[in-house]
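Beneath this line is the structure, given in structure tokens, with notes to follow.
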Amino acid sequence: MNQDIYVVIEHLRGQVTEISFVMLAGARELAKGLGGNVVAVLLGHNAQGLTGNPSAGSGQYLAADKVLSLDHPALADFTSDAYQKVLAALIAKDQPRAVLFGSTSIGTDLASTLSIKLGLPMVSSCRSFSADGKFVSQLCGGKIMAEGDLPGPTALITMVPGGYKAEQGQSTQSPTVTQVEVPTLETLRVTLAGYIEPESGDVDIAKEPLLVSVGRGIQNKDNIVLAEELAQALGGTVSGSRPVIDQGWLATSRLVGKSGKSVKPKVYLALGISGAPEHVEGITNSDTIIAINTDPAAPIFGVAKYGSEIDLFDLIEVLTGKVKQSKGG
Amino acid sequence: MNIVIVVKLVPDLVEELTIDTSGIALDTAWLRLIINEFDDHAIEQGILLKERGGGSVTVVAPDIEGVDDVLFTAAAKGADRLIKIKGDFAGVNNHALARAFTVVVKELQPDLVLTGVQANNDLDGSVGPLLAGCLEMPYIGYISGVSLGEGKSRVHKEYPGGLIAEMDVTLPAVLGIQAAEQPPRYVAVSKVRQMMKTSTIEERTASGLDMAGGPTVSRMFQTEAGQRATMLTGSPDEVATKLVGIFKELGVL
């Protein structure tokens with residue numbers, strides 16, 4: 001057993017994902033307090049290029065003390081069975097103090113099963129670490145935070161974005177890479193058949209300068225037209241949060257957040273959106289967020305510049321009228 | 001196809017949440033529990049699979065206040081068997097819950113186990129992959145589409161930005177559902193009431209709830225929402241006027 005913090009680097013189709021850098025930043029904070037090293041764990045096939053991008057202006061190497069590279073054709077793309085087998089062997093052998101995974105489609109497929117398989121404790125949705133090694137996790141759609149000591153001997157942790165900036169996990173220094181032997185990978189129960197590209201929507205909301213975005217608070221499909229009228233008056237586009245898309249009230253191409261698009265409009269007007277972490281993840285690059293929500297405790301007010309607790313149905317038509325009036329005058 | 005769906009109840013986030021006097025847990029006195037919305041999608045997906053290819057759907061839930069409603073609603077939607085697990089589930093973590101589910105799911109010998117990909121009160125992992133670990137079955141989460149073949153299933157797994165991976169998994173397997181292929185169906189209250197009279201909830205008893213594997217919380221606190229936003233107040237007319245002023249200031253109007 002040692003004090004090292006392992007970070008399972010996530011990559012998708014040849015690109016290291018942003019959460020990997022966020023985790024490296026978190027790992028550095030934790031390692032500083034514990035006196036261990038930050039170790040990036042890279043599973044892939046011919047994936048050495050992922051340790052850094054020397055052509056990027058500032059140099060975007062993984063900010064790790066060392067990289068453990070586990071190379072095998074079956075690890076080229078993420079599949080839960082192969083990745084889990086390889087990580088189980090590595091964690092059991094090295095016994096680091098903690099292993100960080102993304103709270104993502106990749107990391108959550110791994111951490112919990114490894115917790116059972118290895119009999120190790122696990123913490124989900126960790127946002128940050130305190131200097132004395134405590135975890136701080138977010139619960140209940142970001143409304144509640146839970147803090148506690150890092151469980152031992154090896155804590156398996158899934159991390160959400162928000163606590164650290166990706167740049168903090170990037171370095172101009174190329175890390176040392178050590179090859180680690182991969183166990184035999186036979187009779188895998190999960191295999192990748194292929195990828196389906198995102199539907200090319202009618203508009204690319206990631207490029208729109210003004211978004212009128214609706215959440216569960218819009219209540220039903222018939223009310224979408226109210227948001228469309230406001231968006232039209234403002235010269236913007238309608239987007240939505242996950243529940244609205246899942247209900248089929250808006251096309252998937254209009255989805256903002258973790259499973260949809262990250263947007264960066266000049267103005268993001270959130271109507272009836274509570275601001276669950278999965279949604280907020282996709283809007284933090286907006287210039288100005290304005291939130292309308294009747295729930296004073298809605299986390300969206302924590303990221304918005306302007307807010308109002310007014311009922312959106314009392315407001316929306318009046319606002320559309322005033323916007324039209326203002327343009328006409 | 002024998003499909004088992006495991007569900008749990010979670011705090012309704014529409015209600016106000018408060019921390020109890022211990023400072024390490026939610027105050028349950030005023031807490032309203034509802035079905036985890038992702039579990040609701042898992043039920044829908046299970047029923048869609050049954051409608052397409054036949055088989056049976058069993059829904060399993062821990063005995064928590066409100067569970068009968070959840071189970072009878074599932075029956076009204078088309079579930080064939082309802083099972084509730086008796087035991088003291090107050091304050092129990094997902095490791096314990098997954099272990100309790102494991103005993104019942106083993107008995108049911110399913111071809112496929114579905115559950116929600118996550119829940120709003122997960123602090124020690126999610127039920128789906130924990131259960132898969134206990135059952136030694138493969139697991140895939142973030143699923144938004146399932147089709148069944150001979151001894152295997154092809155699923156759609158979601159990645160950011162709308163990218164989908166098509167994966168094949170050998171059965172039996174546990175799948176964590178992000179979204180069913182169609183929105184969870186609505187059932188009339190009268191139909192749920194009818195189920196209360198005609199269907200039965202079977203009971204099993206959890207033999208001890210082992211919470212090993214979860215962290216110990218030393219402090220719980222509310223995030224200070226509303227701190228940063230400048231709040232606009234007044235009548236709809238006044239708020240609208242202020243917003244028009246802000247739009248102009250930001251140069252979008």
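The chains in the structure tokens are called A, B, ... from first to last as shown; in each chain the residues are counted from 1, and the ligands are counted from 1 in the order shown.
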
Find the residues around stretch 157-169 of chain B up to 9 Å (only C-alpha atoms counted), leave out those fewer than 6 positions away in its own chain, and share them as a PyMOL selection string. (chain A and resi 12+79+104-106+188-199+252-253+255-262) or (chain B and resi 138-145+151+178)

May I have the selected residues written with N, CA and C atoms, as a compact mmCIF listing (two decimals), in the first residue's frame?
# COMPACT_ATOMS: atom_id res chain seq x y z
N LEU A 12 -11.96 9.32 -25.71
CA LEU A 12 -13.04 8.93 -26.60
C LEU A 12 -12.60 9.24 -28.01
N THR A 79 -14.66 -0.51 -23.29
CA THR A 79 -15.74 -1.47 -23.03
C THR A 79 -15.57 -1.88 -21.57
N THR A 104 -18.89 9.59 -15.34
CA THR A 104 -19.25 9.66 -16.76
C THR A 104 -19.72 8.29 -17.25
N SER A 105 -20.03 8.25 -18.52
CA SER A 105 -20.47 7.00 -19.16
C SER A 105 -19.37 5.95 -19.07
N ILE A 106 -18.12 6.38 -18.94
CA ILE A 106 -17.00 5.43 -18.82
C ILE A 106 -16.76 5.09 -17.35
N LEU A 188 -14.44 -11.97 -23.53
CA LEU A 188 -15.01 -10.71 -23.06
C LEU A 188 -16.52 -10.70 -23.30
N ARG A 189 -17.24 -10.24 -22.28
CA ARG A 189 -18.71 -10.30 -22.38
C ARG A 189 -19.32 -9.03 -22.96
N VAL A 190 -18.47 -7.99 -23.10
CA VAL A 190 -18.96 -6.73 -23.69
C VAL A 190 -18.03 -6.36 -24.84
N THR A 191 -18.61 -6.14 -26.02
CA THR A 191 -17.79 -5.74 -27.17
C THR A 191 -18.41 -4.54 -27.88
N LEU A 192 -17.55 -3.76 -28.52
CA LEU A 192 -18.02 -2.58 -29.25
C LEU A 192 -18.34 -2.98 -30.69
N ALA A 193 -19.56 -2.65 -31.13
CA ALA A 193 -19.93 -2.96 -32.51
C ALA A 193 -19.65 -1.76 -33.42
N GLY A 194 -19.74 -0.56 -32.88
CA GLY A 194 -19.48 0.62 -33.69
C GLY A 194 -20.04 1.87 -33.03
N TYR A 195 -19.87 2.99 -33.73
CA TYR A 195 -20.40 4.25 -33.20
C TYR A 195 -21.48 4.79 -34.13
N ILE A 196 -22.43 5.49 -33.56
CA ILE A 196 -23.44 6.19 -34.35
C ILE A 196 -23.21 7.67 -34.13
N GLU A 197 -22.97 8.37 -35.21
CA GLU A 197 -22.67 9.80 -35.10
C GLU A 197 -23.91 10.56 -34.63
N PRO A 198 -23.69 11.69 -33.94
CA PRO A 198 -24.85 12.48 -33.51
C PRO A 198 -25.67 12.94 -34.72
N GLU A 199 -26.97 13.01 -34.51
CA GLU A 199 -27.85 13.51 -35.58
C GLU A 199 -27.44 14.95 -35.87
N THR A 252 -33.45 15.90 -30.09
CA THR A 252 -32.20 15.61 -29.38
C THR A 252 -31.11 16.63 -29.71
N SER A 253 -31.16 17.19 -30.92
CA SER A 253 -30.14 18.17 -31.32
C SER A 253 -30.22 19.44 -30.46
N LEU A 255 -30.50 19.40 -27.13
CA LEU A 255 -30.16 19.05 -25.74
C LEU A 255 -28.88 19.74 -25.25
N VAL A 256 -29.00 20.44 -24.13
CA VAL A 256 -27.86 21.12 -23.51
C VAL A 256 -27.45 20.34 -22.27
N GLY A 257 -26.15 20.10 -22.09
CA GLY A 257 -25.68 19.45 -20.86
C GLY A 257 -24.75 18.30 -21.14
N LYS A 258 -24.47 17.57 -20.08
CA LYS A 258 -23.51 16.46 -20.11
C LYS A 258 -23.73 15.50 -21.28
N SER A 259 -24.98 15.08 -21.50
CA SER A 259 -25.22 14.11 -22.56
C SER A 259 -25.55 14.79 -23.88
N GLY A 260 -25.64 16.12 -23.87
CA GLY A 260 -25.92 16.85 -25.09
C GLY A 260 -24.75 17.74 -25.46
N LYS A 261 -25.07 18.98 -25.77
CA LYS A 261 -24.03 19.89 -26.21
C LYS A 261 -23.61 20.85 -25.10
N SER A 262 -22.35 21.28 -25.17
CA SER A 262 -21.89 22.38 -24.33
C SER A 262 -22.10 23.64 -25.16
N PRO B 138 -22.01 -8.97 -16.48
CA PRO B 138 -21.49 -7.75 -17.11
C PRO B 138 -22.46 -6.58 -16.91
N TYR B 139 -21.92 -5.36 -16.97
CA TYR B 139 -22.76 -4.17 -16.80
C TYR B 139 -22.42 -3.13 -17.86
N ILE B 140 -23.45 -2.51 -18.40
CA ILE B 140 -23.26 -1.32 -19.24
C ILE B 140 -24.29 -0.28 -18.80
N GLY B 141 -23.83 0.95 -18.62
CA GLY B 141 -24.73 2.03 -18.22
C GLY B 141 -24.89 3.09 -19.29
N TYR B 142 -25.67 4.11 -18.98
CA TYR B 142 -25.98 5.22 -19.90
C TYR B 142 -26.65 4.70 -21.18
N ILE B 143 -27.60 3.77 -20.98
CA ILE B 143 -28.26 3.10 -22.10
C ILE B 143 -29.52 3.86 -22.52
N SER B 144 -29.67 4.04 -23.84
CA SER B 144 -30.89 4.68 -24.34
C SER B 144 -31.55 3.86 -25.44
N GLY B 145 -31.16 2.59 -25.55
CA GLY B 145 -31.80 1.71 -26.53
C GLY B 145 -31.34 0.29 -26.31
N GLY B 151 -29.20 -14.99 -26.68
CA GLY B 151 -28.14 -15.00 -25.66
C GLY B 151 -27.34 -13.73 -25.54
N GLN B 178 -30.44 5.13 -19.02
CA GLN B 178 -30.46 6.60 -18.98
C GLN B 178 -31.82 7.10 -19.45

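Within stretch 102-150 of chain A, residues classed as helix (DSSP H, G or I) by DSSP on backbone coordinates are Gly107, Thr108, Asp109, Leu110, Ala111, Ser112, Thr113, Leu114, Ser115, Ile116, Lys117, Leu118, Cys140, Gly141 and Gly142 of chain A.
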
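The residue set within 6 Å of stretch 271-284 of chain A, counting only C-alpha atoms and dropping same-chain residues fewer than 5 places from it, reads Gly141, Gly142, Ser213, Val214, Gly215, Gly217, Val256, Gly257, Lys258, Ser262, Val263, Ile292, Asn293, Ala298, Pro299 and Ile300 of chain A.
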
Okay, now the selection with N, CA and C atoms, as a PDB file, in the first residue's frame?
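out-v9.pdb written:
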ATOM      1  N   GLY A 141     -29.126  16.574  -6.992  1.00  0.00           N
ATOM      2  CA  GLY A 141     -29.108  17.540  -8.073  1.00  0.00           C
ATOM      3  C   GLY A 141     -28.289  18.770  -7.759  1.00  0.00           C
ATOM      4  N   GLY A 142     -27.285  18.624  -6.907  1.00  0.00           N
ATOM      5  CA  GLY A 142     -26.401  19.740  -6.576  1.00  0.00           C
ATOM      6  C   GLY A 142     -26.898  20.590  -5.422  1.00  0.00           C
ATOM      7  N   SER A 213     -33.773  28.487 -23.141  1.00  0.00           N
ATOM      8  CA  SER A 213     -33.685  27.073 -22.822  1.00  0.00           C
ATOM      9  C   SER A 213     -34.769  26.700 -21.820  1.00  0.00           C
ATOM     10  N   VAL A 214     -35.463  25.597 -22.092  1.00  0.00           N
ATOM     11  CA  VAL A 214     -36.566  25.206 -21.217  1.00  0.00           C
ATOM     12  C   VAL A 214     -36.276  23.906 -20.484  1.00  0.00           C
ATOM     13  N   GLY A 215     -36.784  23.834 -19.257  1.00  0.00           N
ATOM     14  CA  GLY A 215     -36.627  22.635 -18.447  1.00  0.00           C
ATOM     15  C   GLY A 215     -37.985  22.065 -18.084  1.00  0.00           C
ATOM     16  N   GLY A 217     -39.911  22.709 -15.903  1.00  0.00           N
ATOM     17  CA  GLY A 217     -40.884  23.728 -15.530  1.00  0.00           C
ATOM     18  C   GLY A 217     -41.798  24.174 -16.657  1.00  0.00           C
ATOM     19  N   VAL A 256     -29.004  20.443 -24.134  1.00  0.00           N
ATOM     20  CA  VAL A 256     -27.857  21.116 -23.514  1.00  0.00           C
ATOM     21  C   VAL A 256     -27.448  20.340 -22.267  1.00  0.00           C
ATOM     22  N   GLY A 257     -26.151  20.095 -22.091  1.00  0.00           N
ATOM     23  CA  GLY A 257     -25.684  19.446 -20.857  1.00  0.00           C
ATOM     24  C   GLY A 257     -24.755  18.297 -21.136  1.00  0.00           C
ATOM     25  N   LYS A 258     -24.474  17.570 -20.077  1.00  0.00           N
ATOM     26  CA  LYS A 258     -23.514  16.460 -20.106  1.00  0.00           C
ATOM     27  C   LYS A 258     -23.732  15.502 -21.276  1.00  0.00           C
ATOM     28  N   SER A 262     -22.352  21.279 -25.168  1.00  0.00           N
ATOM     29  CA  SER A 262     -21.889  22.381 -24.330  1.00  0.00           C
ATOM     30  C   SER A 262     -22.096  23.638 -25.155  1.00  0.00           C
ATOM     31  N   VAL A 263     -22.756  24.620 -24.572  1.00  0.00           N
ATOM     32  CA  VAL A 263     -23.089  25.826 -25.337  1.00  0.00           C
ATOM     33  C   VAL A 263     -22.323  27.022 -24.796  1.00  0.00           C
ATOM     34  N   ILE A 292     -34.958  31.789 -14.641  1.00  0.00           N
ATOM     35  CA  ILE A 292     -36.303  32.014 -14.119  1.00  0.00           C
ATOM     36  C   ILE A 292     -36.766  30.690 -13.523  1.00  0.00           C
ATOM     37  N   ASN A 293     -37.009  30.666 -12.221  1.00  0.00           N
ATOM     38  CA  ASN A 293     -37.412  29.426 -11.569  1.00  0.00           C
ATOM     39  C   ASN A 293     -38.112  29.756 -10.260  1.00  0.00           C
ATOM     40  N   ALA A 298     -33.200  26.478  -6.188  1.00  0.00           N
ATOM     41  CA  ALA A 298     -32.715  25.854  -7.428  1.00  0.00           C
ATOM     42  C   ALA A 298     -31.240  26.189  -7.638  1.00  0.00           C
ATOM     43  N   PRO A 299     -30.405  25.157  -7.857  1.00  0.00           N
ATOM     44  CA  PRO A 299     -28.960  25.399  -8.022  1.00  0.00           C
ATOM     45  C   PRO A 299     -28.626  26.317  -9.199  1.00  0.00           C
ATOM     46  N   ILE A 300     -29.538  26.458 -10.151  1.00  0.00           N
ATOM     47  CA  ILE A 300     -29.286  27.317 -11.318  1.00  0.00           C
ATOM     48  C   ILE A 300     -28.967  28.751 -10.873  1.00  0.00           C
TER      49      ILE A 300
END

Need to verify the contact set: B:Gly125, 12 Å, only C-alpha atoms, exclusion of same-chain residues closer than 2 positions in sequence. Can you return it as an NGL selection string? (:A and (101-104 or 107-116 or 120-126 or 137 or 139 or 155-159)) or (:B and (93-98 or 117-123 or 127-133 or 213-215))

Calculated over only C-alpha atoms, which of the candidates A:Ala146, A:Leu312, A:Ala82, A:Val203 has the smallest distance to chain B? A:Ala146

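A straight line drawn from atom CA of A:Leu100 to atom CA of A:Glu167 is 17.5 Å long.
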